[in-house]
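Participant: To be precise about what I am sending: the file is called my_file.pdb and holds PDB, C-alpha atoms.
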```pdb
ATOM      1  CA  MET O   1       0.000   0.000   0.000
ATOM      2  CA  LYS O   2       1.244   3.474  -0.908
ATOM      3  CA  VAL O   3       0.787   6.597   1.147
ATOM      4  CA  ARG O   4      -1.501   7.979  -1.562
ATOM      5  CA  ASP O   5      -3.853   5.028  -0.975
ATOM      6  CA  LEU O   6      -4.490   6.120   2.600
ATOM      7  CA  THR O   7      -7.167   8.572   3.610
ATOM      8  CA  TRP O   8      -6.021  12.150   3.139
ATOM      9  CA  ARG O   9      -7.318  15.515   4.107
ATOM     10  CA  PRO O  10      -6.402  18.702   2.309
ATOM     11  CA  PRO O  11      -3.787  20.652   4.274
ATOM     12  CA  VAL O  12      -5.021  23.649   6.247
ATOM     13  CA  THR O  13      -2.414  26.378   6.330
ATOM     14  CA  ILE O  14      -1.792  29.642   8.124
ATOM     15  CA  ASP O  15       0.745  32.407   7.626
ATOM     16  CA  CYS O  16       3.539  32.551  10.186
ATOM     17  CA  GLY O  17       2.617  36.122  11.075
ATOM     18  CA  ALA O  18      -1.006  35.338  11.929
ATOM     19  CA  MET O  19      -2.217  35.739  15.496
ATOM     20  CA  ILE O  20      -2.755  32.808  17.823
ATOM     21  CA  SER O  21      -6.448  33.662  18.047
ATOM     22  CA  ALA O  22      -6.734  33.383  14.241
ATOM     23  CA  ALA O  23      -5.138  29.931  14.388
ATOM     24  CA  ALA O  24      -7.610  28.822  17.056
ATOM     25  CA  GLU O  25     -10.503  30.031  14.924
ATOM     26  CA  LEU O  26      -9.120  28.249  11.857
ATOM     27  CA  LEU O  27      -8.680  24.977  13.743
ATOM     28  CA  THR O  28     -12.285  25.257  14.934
ATOM     29  CA  ASP O  29     -13.798  26.282  11.602
ATOM     30  CA  GLU O  30     -11.941  23.624   9.587
ATOM     31  CA  GLY O  31     -12.373  20.873  12.159
ATOM     32  CA  VAL O  32      -8.713  19.877  12.084
ATOM     33  CA  GLY O  33      -6.106  19.359  14.792
ATOM     34  CA  ALA O  34      -3.086  20.890  13.101
ATOM     35  CA  LEU O  35      -2.123  23.707  10.784
ATOM     36  CA  VAL O  36       0.858  23.906   8.440
ATOM     37  CA  VAL O  37       2.579  27.240   9.082
ATOM     38  CA  LEU O  38       3.759  28.979   5.917
ATOM     39  CA  ASP O  39       6.283  31.698   5.274
ATOM     40  CA  HIS O  40       5.994  33.043   1.743
ATOM     41  CA  ASP O  41       3.986  29.937   0.825
ATOM     42  CA  ARG O  42       6.793  27.685   2.063
ATOM     43  CA  PRO O  43       6.122  25.356   5.045
ATOM     44  CA  VAL O  44       8.276  26.258   8.045
ATOM     45  CA  GLY O  45       6.421  24.554  10.894
ATOM     46  CA  ILE O  46       3.349  22.856  12.275
ATOM     47  CA  VAL O  47       1.115  23.963  15.104
ATOM     48  CA  THR O  48      -1.425  21.704  16.776
ATOM     49  CA  ASP O  49      -4.388  22.318  19.024
ATOM     50  CA  ARG O  50      -2.305  20.852  21.833
ATOM     51  CA  ASP O  51       0.471  23.389  21.137
ATOM     52  CA  LEU O  52      -2.052  26.184  21.632
ATOM     53  CA  VAL O  53      -2.857  24.794  25.069
ATOM     54  CA  THR O  54       0.554  23.662  26.339
ATOM     55  CA  ARG O  55       2.773  26.333  24.773
ATOM     56  CA  GLY O  56       0.253  29.149  24.680
ATOM     57  CA  LEU O  57      -2.576  29.014  27.194
ATOM     58  CA  ALA O  58      -0.575  27.309  29.953
ATOM     59  CA  LYS O  59       2.197  29.903  29.665
ATOM     60  CA  ARG O  60      -0.190  32.841  29.353
ATOM     61  CA  VAL O  61       1.060  33.804  25.885
ATOM     62  CA  PRO O  62      -1.189  36.622  24.616
ATOM     63  CA  LEU O  63      -3.722  35.647  21.973
ATOM     64  CA  ASP O  64      -2.435  38.385  19.674
ATOM     65  CA  ALA O  65       1.100  36.923  19.606
ATOM     66  CA  ARG O  66       2.376  35.396  16.386
ATOM     67  CA  ILE O  67       1.510  31.775  15.747
ATOM     68  CA  ASP O  68       5.122  30.949  14.865
ATOM     69  CA  SER O  69       6.014  31.506  18.518
ATOM     70  CA  LEU O  70       4.085  28.301  19.331
ATOM     71  CA  MET O  71       4.824  26.140  16.300
ATOM     72  CA  SER O  72       7.121  23.160  16.053
ATOM     73  CA  MET O  73       9.836  24.327  13.693
ATOM     74  CA  GLY O  74      10.493  22.376  10.524
ATOM     75  CA  VAL O  75       8.066  20.059   8.768
ATOM     76  CA  VAL O  76       8.795  16.388   8.190
ATOM     77  CA  VAL O  77       6.884  15.368   5.078
ATOM     78  CA  LEU O  78       6.423  12.206   3.059
ATOM     79  CA  ASP O  79       6.109  11.642  -0.661
ATOM     80  CA  ALA O  80       2.734  10.346  -1.812
ATOM     81  CA  ASP O  81       4.468   7.499  -3.649
ATOM     82  CA  GLU O  82       6.267   6.163  -0.558
ATOM     83  CA  ASP O  83       5.168   2.853   0.933
ATOM     84  CA  ALA O  84       2.771   3.115   3.850
ATOM     85  CA  GLU O  85       5.348   1.317   6.004
ATOM     86  CA  GLU O  86       7.553   4.395   5.676
ATOM     87  CA  LEU O  87       4.702   6.513   7.025
ATOM     88  CA  PHE O  88       4.422   4.280  10.079
ATOM     89  CA  ALA O  89       8.193   4.581  10.536
ATOM     90  CA  VAL O  90       7.945   8.380  10.418
ATOM     91  CA  PHE O  91       5.184   8.312  13.048
ATOM     92  CA  ALA O  92       7.413   6.171  15.256
ATOM     93  CA  ARG O  93      10.728   7.984  14.740
ATOM     94  CA  HIS O  94       9.446  11.510  15.110
ATOM     95  CA  ALA O  95       6.709  10.915  17.696
ATOM     96  CA  VAL O  96       4.170  12.807  15.586
ATOM     97  CA  ARG O  97       0.524  12.044  14.827
ATOM     98  CA  ARG O  98       0.238  13.980  11.571
ATOM     99  CA  VAL O  99       2.444  14.027   8.487
ATOM    100  CA  PRO O 100       1.985  16.351   5.505
ATOM    101  CA  ILE O 101       2.110  14.604   2.142
ATOM    102  CA  VAL O 102       3.942  16.090  -0.826
ATOM    103  CA  GLU O 103       3.932  15.600  -4.544
ATOM    104  CA  GLY O 104       7.200  16.990  -5.807
ATOM    105  CA  HIS O 105       7.744  20.048  -3.638
ATOM    106  CA  ARG O 106       4.049  20.843  -3.056
ATOM    107  CA  VAL O 107       2.197  19.912   0.119
ATOM    108  CA  VAL O 108      -1.005  18.310  -1.119
ATOM    109  CA  GLY O 109      -2.449  16.695   1.975
ATOM    110  CA  MET O 110      -2.196  15.707   5.583
ATOM    111  CA  VAL O 111      -2.454  12.149   6.838
ATOM    112  CA  THR O 112      -3.043  11.435  10.498
ATOM    113  CA  LEU O 113      -2.178   8.429  12.608
ATOM    114  CA  ASP O 114      -5.935   7.843  13.003
ATOM    115  CA  ASP O 115      -6.445   7.845   9.226
ATOM    116  CA  ALA O 116      -3.570   5.415   8.746
ATOM    117  CA  LEU O 117      -4.952   3.099  11.422
ATOM    118  CA  VAL O 118      -8.453   3.100   9.908
ATOM    119  CA  SER O 119      -7.065   2.423   6.413
ATOM    120  CA  THR O 120      -4.935  -0.435   7.723
ATOM    121  CA  VAL O 121      -7.791  -1.985   9.700
ATOM    122  CA  THR O 122     -10.077  -1.715   6.661
ATOM    123  CA  GLU O 123      -7.507  -3.551   4.553
ATOM    124  CA  LEU O 124      -7.086  -6.222   7.224
ATOM    125  CA  THR O 125     -10.882  -6.601   7.429
ATOM    126  CA  ASP O 126     -11.039  -7.179   3.664
ATOM    127  CA  LEU O 127      -8.264  -9.755   3.982
ATOM    128  CA  ALA O 128     -10.081 -11.451   6.867
ATOM    129  CA  GLY O 129     -13.197 -11.650   4.659
ATOM    130  CA  VAL O 130     -11.251 -13.539   1.979
ATOM    131  CA  LEU O 131      -9.845 -15.896   4.604
ATOM    132  CA  SER O 132     -13.304 -16.490   6.111
ATOM    133  CA  THR O 133     -14.666 -17.421   2.686
ATOM    134  CA  GLN O 134     -11.814 -19.869   2.092
ATOM    135  CA  ILE O 135     -12.350 -21.483   5.505
ATOM    136  CA  ALA O 136     -16.116 -21.722   5.006
ATOM    137  CA  PHE O 137     -15.870 -23.137   1.468
ATOM    138  CA  PRO O 138     -12.614 -25.080   1.297
ATOM    139  CA  SER O 139     -13.749 -27.186  -1.716
ATOM    140  CA  SER O 140     -14.204 -24.142  -3.927
ATOM    141  CA  SER O 141     -10.518 -24.130  -4.763
ATOM    142  CA  SER O 142      -9.892 -24.557  -8.485
ATOM    143  CA  GLU O 143      -6.402 -25.932  -7.984
ATOM    144  CA  PRO O 144      -5.952 -29.628  -8.899
ATOM    145  CA  PRO O 145      -5.183 -31.981  -6.030
ATOM    146  CA  THR O 146      -1.523 -32.654  -5.341
ATOM    147  CA  PRO O 147      -0.530 -36.062  -6.866
ATOM    148  CA  VAL O 148       0.668 -38.696  -4.441
ATOM    149  CA  VAL O 149       3.623 -40.814  -5.561
ATOM    150  CA  ILE O 150       3.753 -44.336  -4.113
ATOM    151  CA  ASP O 151       7.054 -46.149  -4.232
ATOM    152  CA  SER O 152       6.374 -49.466  -6.089
ATOM    153  CA  GLU O 153       8.855 -51.317  -3.903
ATOM    154  CA  TYR O 154       6.604 -50.895  -0.904
ATOM    155  CA  ALA O 155       3.250 -51.020  -2.760
TER
ATOM    156  CA  MET G   1      37.022  25.951   8.634
ATOM    157  CA  THR G   2      35.650  23.399   6.246
ATOM    158  CA  GLY G   3      33.211  25.590   4.368
ATOM    159  CA  ASP G   4      31.039  28.676   4.440
ATOM    160  CA  PHE G   5      27.908  28.916   6.516
ATOM    161  CA  VAL G   6      24.952  30.069   4.493
ATOM    162  CA  LEU G   7      21.756  30.683   6.367
ATOM    163  CA  TRP G   8      18.446  31.088   4.616
ATOM    164  CA  GLY G   9      19.677  33.720   2.228
ATOM    165  CA  GLN G  10      18.361  37.015   3.425
ATOM    166  CA  ARG G  11      16.400  37.238   6.646
ATOM    167  CA  ARG G  12      13.273  39.327   6.644
ATOM    168  CA  LYS G  13      11.324  40.909   9.429
ATOM    169  CA  SER G  14       7.584  40.995   9.422
ATOM    170  CA  GLU G  15       6.314  44.471   8.631
ATOM    171  CA  THR G  16       3.354  44.061  10.903
ATOM    172  CA  MET G  17       4.864  42.317  13.928
ATOM    173  CA  LYS G  18       8.342  43.731  14.376
ATOM    174  CA  GLY G  19      10.467  42.422  17.198
ATOM    175  CA  HIS G  20       9.084  38.888  17.170
ATOM    176  CA  ARG G  21      10.925  35.846  15.966
ATOM    177  CA  THR G  22      11.157  35.984  12.221
ATOM    178  CA  ALA G  23      11.103  33.134   9.817
ATOM    179  CA  GLU G  24      13.812  32.964   7.212
ATOM    180  CA  VAL G  25      13.187  32.786   3.522
ATOM    181  CA  GLY G  26      15.266  32.042   0.477
ATOM    182  CA  MET G  27      17.061  28.932   1.777
ATOM    183  CA  LYS G  28      19.075  27.286  -0.954
ATOM    184  CA  ALA G  29      20.983  24.066  -0.845
ATOM    185  CA  GLU G  30      22.840  21.608  -3.009
ATOM    186  CA  VAL G  31      23.234  17.883  -2.733
ATOM    187  CA  GLY G  32      26.056  17.175  -0.297
ATOM    188  CA  ASP G  33      25.475  20.269   1.858
ATOM    189  CA  GLU G  34      25.265  19.920   5.623
ATOM    190  CA  LEU G  35      22.023  20.885   7.346
ATOM    191  CA  THR G  36      22.065  21.696  11.053
ATOM    192  CA  ILE G  37      19.075  22.137  13.328
ATOM    193  CA  SER G  38      19.951  23.925  16.537
ATOM    194  CA  GLY G  39      19.022  22.451  19.908
ATOM    195  CA  HIS G  40      15.924  23.913  21.530
ATOM    196  CA  ARG G  41      16.808  23.252  25.163
ATOM    197  CA  VAL G  42      19.868  23.884  27.283
ATOM    198  CA  GLY G  43      22.378  21.106  26.657
ATOM    199  CA  GLU G  44      20.486  19.696  23.690
ATOM    200  CA  PRO G  45      22.979  19.080  20.879
ATOM    201  CA  PRO G  46      22.267  20.326  17.368
ATOM    202  CA  ARG G  47      21.027  17.791  14.838
ATOM    203  CA  VAL G  48      23.240  17.443  11.799
ATOM    204  CA  GLY G  49      22.530  15.750   8.505
ATOM    205  CA  LYS G  50      23.669  15.566   4.921
ATOM    206  CA  ILE G  51      21.384  16.674   2.103
ATOM    207  CA  LEU G  52      20.820  13.791  -0.296
ATOM    208  CA  GLU G  53      18.181  15.342  -2.528
ATOM    209  CA  VAL G  54      16.894  18.835  -3.296
ATOM    210  CA  ARG G  55      13.245  18.767  -4.355
ATOM    211  CA  GLY G  56      12.380  22.428  -4.618
ATOM    212  CA  ALA G  57      13.050  24.771  -7.483
ATOM    213  CA  ASP G  58      16.306  26.721  -7.431
ATOM    214  CA  GLY G  59      17.774  24.845  -4.468
ATOM    215  CA  GLY G  60      14.687  25.228  -2.310
ATOM    216  CA  PRO G  61      13.113  22.671   0.021
ATOM    217  CA  PRO G  62      11.977  20.049   0.674
ATOM    218  CA  TYR G  63      15.283  18.289   1.186
ATOM    219  CA  ARG G  64      15.929  14.609   1.804
ATOM    220  CA  VAL G  65      18.340  14.621   4.730
ATOM    221  CA  LEU G  66      20.398  11.728   6.068
ATOM    222  CA  TRP G  67      20.775  12.299   9.811
ATOM    223  CA  ASP G  68      24.110  11.593  11.472
ATOM    224  CA  ASP G  69      22.555  10.512  14.777
ATOM    225  CA  SER G  70      19.952   8.021  13.556
ATOM    226  CA  GLY G  71      21.200   7.013  10.119
ATOM    227  CA  HIS G  72      17.680   7.548   8.771
ATOM    228  CA  ALA G  73      16.715   9.789   5.886
ATOM    229  CA  THR G  74      13.855  12.269   6.175
ATOM    230  CA  LEU G  75      12.112  14.525   3.686
ATOM    231  CA  LEU G  76      12.023  17.908   5.374
ATOM    232  CA  PHE G  77      10.973  21.521   5.014
ATOM    233  CA  PRO G  78      13.454  23.129   7.440
ATOM    234  CA  GLY G  79      12.238  25.728   9.908
ATOM    235  CA  PRO G  80      13.903  28.926  11.070
ATOM    236  CA  ASP G  81      16.070  26.901  13.446
ATOM    237  CA  ALA G  82      17.976  25.360  10.532
ATOM    238  CA  SER G  83      21.136  26.448   8.760
ATOM    239  CA  ILE G  84      22.960  25.102   5.741
ATOM    240  CA  LYS G  85      26.675  24.741   5.335
ATOM    241  CA  HIS G  86      27.990  24.422   1.813
ATOM    242  CA  LEU G  87      30.710  21.775   1.734
ATOM    243  CA  LYS G  88      31.175  21.525  -1.993
ATOM    244  CA  GLY G  89      34.661  22.661  -2.909
ATOM    245  CA  ALA G  90      35.642  23.129   0.732
ATOM    246  CA  SER G  91      39.140  22.152   1.728
ATOM    247  CA  ALA G  92      39.468  19.009   3.821
TER
END
```
Translate the structure described by the file into structure tokens.

Facilitator:
Amino acid sequence: MKVRDLTWRPPVTIDCGAMISAAAELLTDEGVGALVVLDHDRPVGIVTDRDLVTRGLAKRVPLDARIDSLMSMGVVVLDADEDAEELFAVFARHAVRRVPIVEGHRVVGMVTLDDALVSTVTELTDLAGVLSTQIAFPSSSSEPPTPVVIDSEYA
Amino acid sequence: MTGDFVLWGQRRKSETMKGHRTAEVGMKAEVGDELTISGHRVGEPPRVGKILEVRGADGGPPYRVLWDDSGHATLLFPGPDASIKHLKGASA
């Protein structure tokens, strides 16, 4: 399975100079948990709803401060044509729950750990369905039976 | 010295929010350059890697970076905490 076969969401972005309050509104309006922070249309960081709480609210950062003061700097991305296993490795290595997906140098989507899990479970469910059918109807196999060779000396 | 440090080209300051941390624009890199991400906490060492691939136009990101510490390669849009050191043509 390729990364592009998993469930994607379009990326939701915000300019690095936007206020924290604007980011909170965007997260709410778009129903997402993370925003890609852009500087001149180039990704420079990611900010999550949790960042707003732990780095902002808990430390009494004013709501009119810049969003890039709360973001995680740098954006680890994955090519849409990579194997899904590489996505799982990125989740594990970088302890993140969301990874932007790129085609070439453009960010085209965001895949979450939840999305990846659902896609994987769905695939496993389909596979389990095939197995269930084979167990329930073992004689439906079209393969010829394996020939048995009997040594004439002992026949 | 083994090469010249080149940050993100020119730095710019936001016209509307002066005095705050500013992101850097215009980062350019070549295959073989060294990318360093500074530590964010006291005592945290910088993370260093070698650029294996430049995906963006005109040397821009994303870059595929092979990290010295983990041996893994990552496709990355660097943030303002990153700097690039050109090693090509540098004396050993």

Participant: Suppose you want the space between atom CA of O:Asp81 and atom CA of G:Gly71; what is it in Å?

Facilitator: 21.7 Å

Participant: Atom CA of G:Asp33 and atom CA of O:Asp83 are how many Å apart?

Facilitator: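 Taking atom CA of G:Asp33 as the start and atom CA of O:Asp83 as the end point, the length is 26.8 Å.
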
Participant: Return as a list in words the set of residues that the ChimeraX specification (/G :<7) & /O yields on the displayed structure.

Facilitator: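 Selection result, ordered by chain and number: Asp39, Pro43, Val44, Gly45, Met73, Gly74, Val75, Val76, Val77, Leu78, Gly104 and His105 of chain O.
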
Participant: Please determine, counting all atoms listed in the file, which residue among O:Lys2, O:His94, O:Lys59, O:Arg9 has the shortest atom-to-atom distance to O:Gly31.

Facilitator: O:Arg9

Participant: Quote the spacing between atom CA of O:Gly109 and atom CA of O:Val12 in Å to one decimal place.

Facilitator: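 We find that atom CA of O:Gly109 and atom CA of O:Val12 lie 8.6 Å from each other.
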
Participant: Select, from O:Val47, O:Met1, O:Thr122, O:Glu30, the residue with the minimum atom-to-atom distance to O:Leu87, counting only C-alpha atoms.

Facilitator: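 Ranked by minimum distance to O:Leu87, first place goes to O:Met1.
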
Participant: So that I can check the surroundings of O:Thr48, please list as a list in words every protein, DNA and RNA residue that reaches within 8 Å of it, counting all atoms listed in the file and ignoring chain neighbours fewer than 6 positions away.

Facilitator: Gly33, Ala34, Leu35 and Met71 of chain O

Participant: So which residues get picked by the PyMOL selection byres ((chain G and resi 29) around 9) here, written as a ChimeraX atom specification?

Facilitator: /G:6,27-28,30-35,51,54,58-61,63,84-86

Participant: When the PyMOL selection byres ((chain O and resi 68) around 8) is applied to the file above, which residues end up in the set, as a PDB file with C-alpha atoms, in the frame of the given file?

Facilitator:
```pdb
ATOM      1  CA  CYS O  16       3.539  32.551  10.186  1.00  0.00           C
ATOM      2  CA  GLY O  17       2.617  36.122  11.075  1.00  0.00           C
ATOM      3  CA  VAL O  37       2.579  27.240   9.082  1.00  0.00           C
ATOM      4  CA  GLY O  45       6.421  24.554  10.894  1.00  0.00           C
ATOM      5  CA  ARG O  66       2.376  35.396  16.386  1.00  0.00           C
ATOM      6  CA  ILE O  67       1.510  31.775  15.747  1.00  0.00           C
ATOM      7  CA  SER O  69       6.014  31.506  18.518  1.00  0.00           C
ATOM      8  CA  LEU O  70       4.085  28.301  19.331  1.00  0.00           C
ATOM      9  CA  MET O  71       4.824  26.140  16.300  1.00  0.00           C
TER      10      MET O  71
ATOM     11  CA  ARG G  21      10.925  35.846  15.966  1.00  0.00           C
TER      12      ARG G  21
END
```

Participant: Nearest to O:Ala80 among O:Asp49, O:Asp15, O:Glu123, O:Asp5, with distances taken over only C-alpha atoms: which residue is it?

Facilitator: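 Going through O:Asp49, O:Asp15, O:Glu123, O:Asp5 one by one, the smallest distance to O:Ala80 is for O:Asp5.
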
Participant: From the options G:Thr36, G:Val48, G:Arg41, G:Ser83, which residue's atoms come nearest to G:Asp69, counting all atoms listed in the file?

Facilitator: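 Of all the options, G:Val48 lies closest to G:Asp69.
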
Participant: Could you give me, as an NGL selection string, the residues that sit within 10 Å of (5.6, 7.8, 8.3) in the file's coordinates, counting all atoms listed in the file?

Facilitator: (:O and (3 or 76-79 or 82-101 or 111-113 or 116)) or (:G and (74))

Participant: Could you work out an axis-aligned bounding box for all listed atoms of stretch 97-102 of chain O, with 3 Å added on each of the six sides, and give its centre and edge lengths in Å to one decimal, as JSON?

Facilitator:
```
{"center_x": 2.1, "center_y": 14.2, "center_z": 7.0, "size_x": 9.7, "size_y": 10.3, "size_z": 21.7}
```
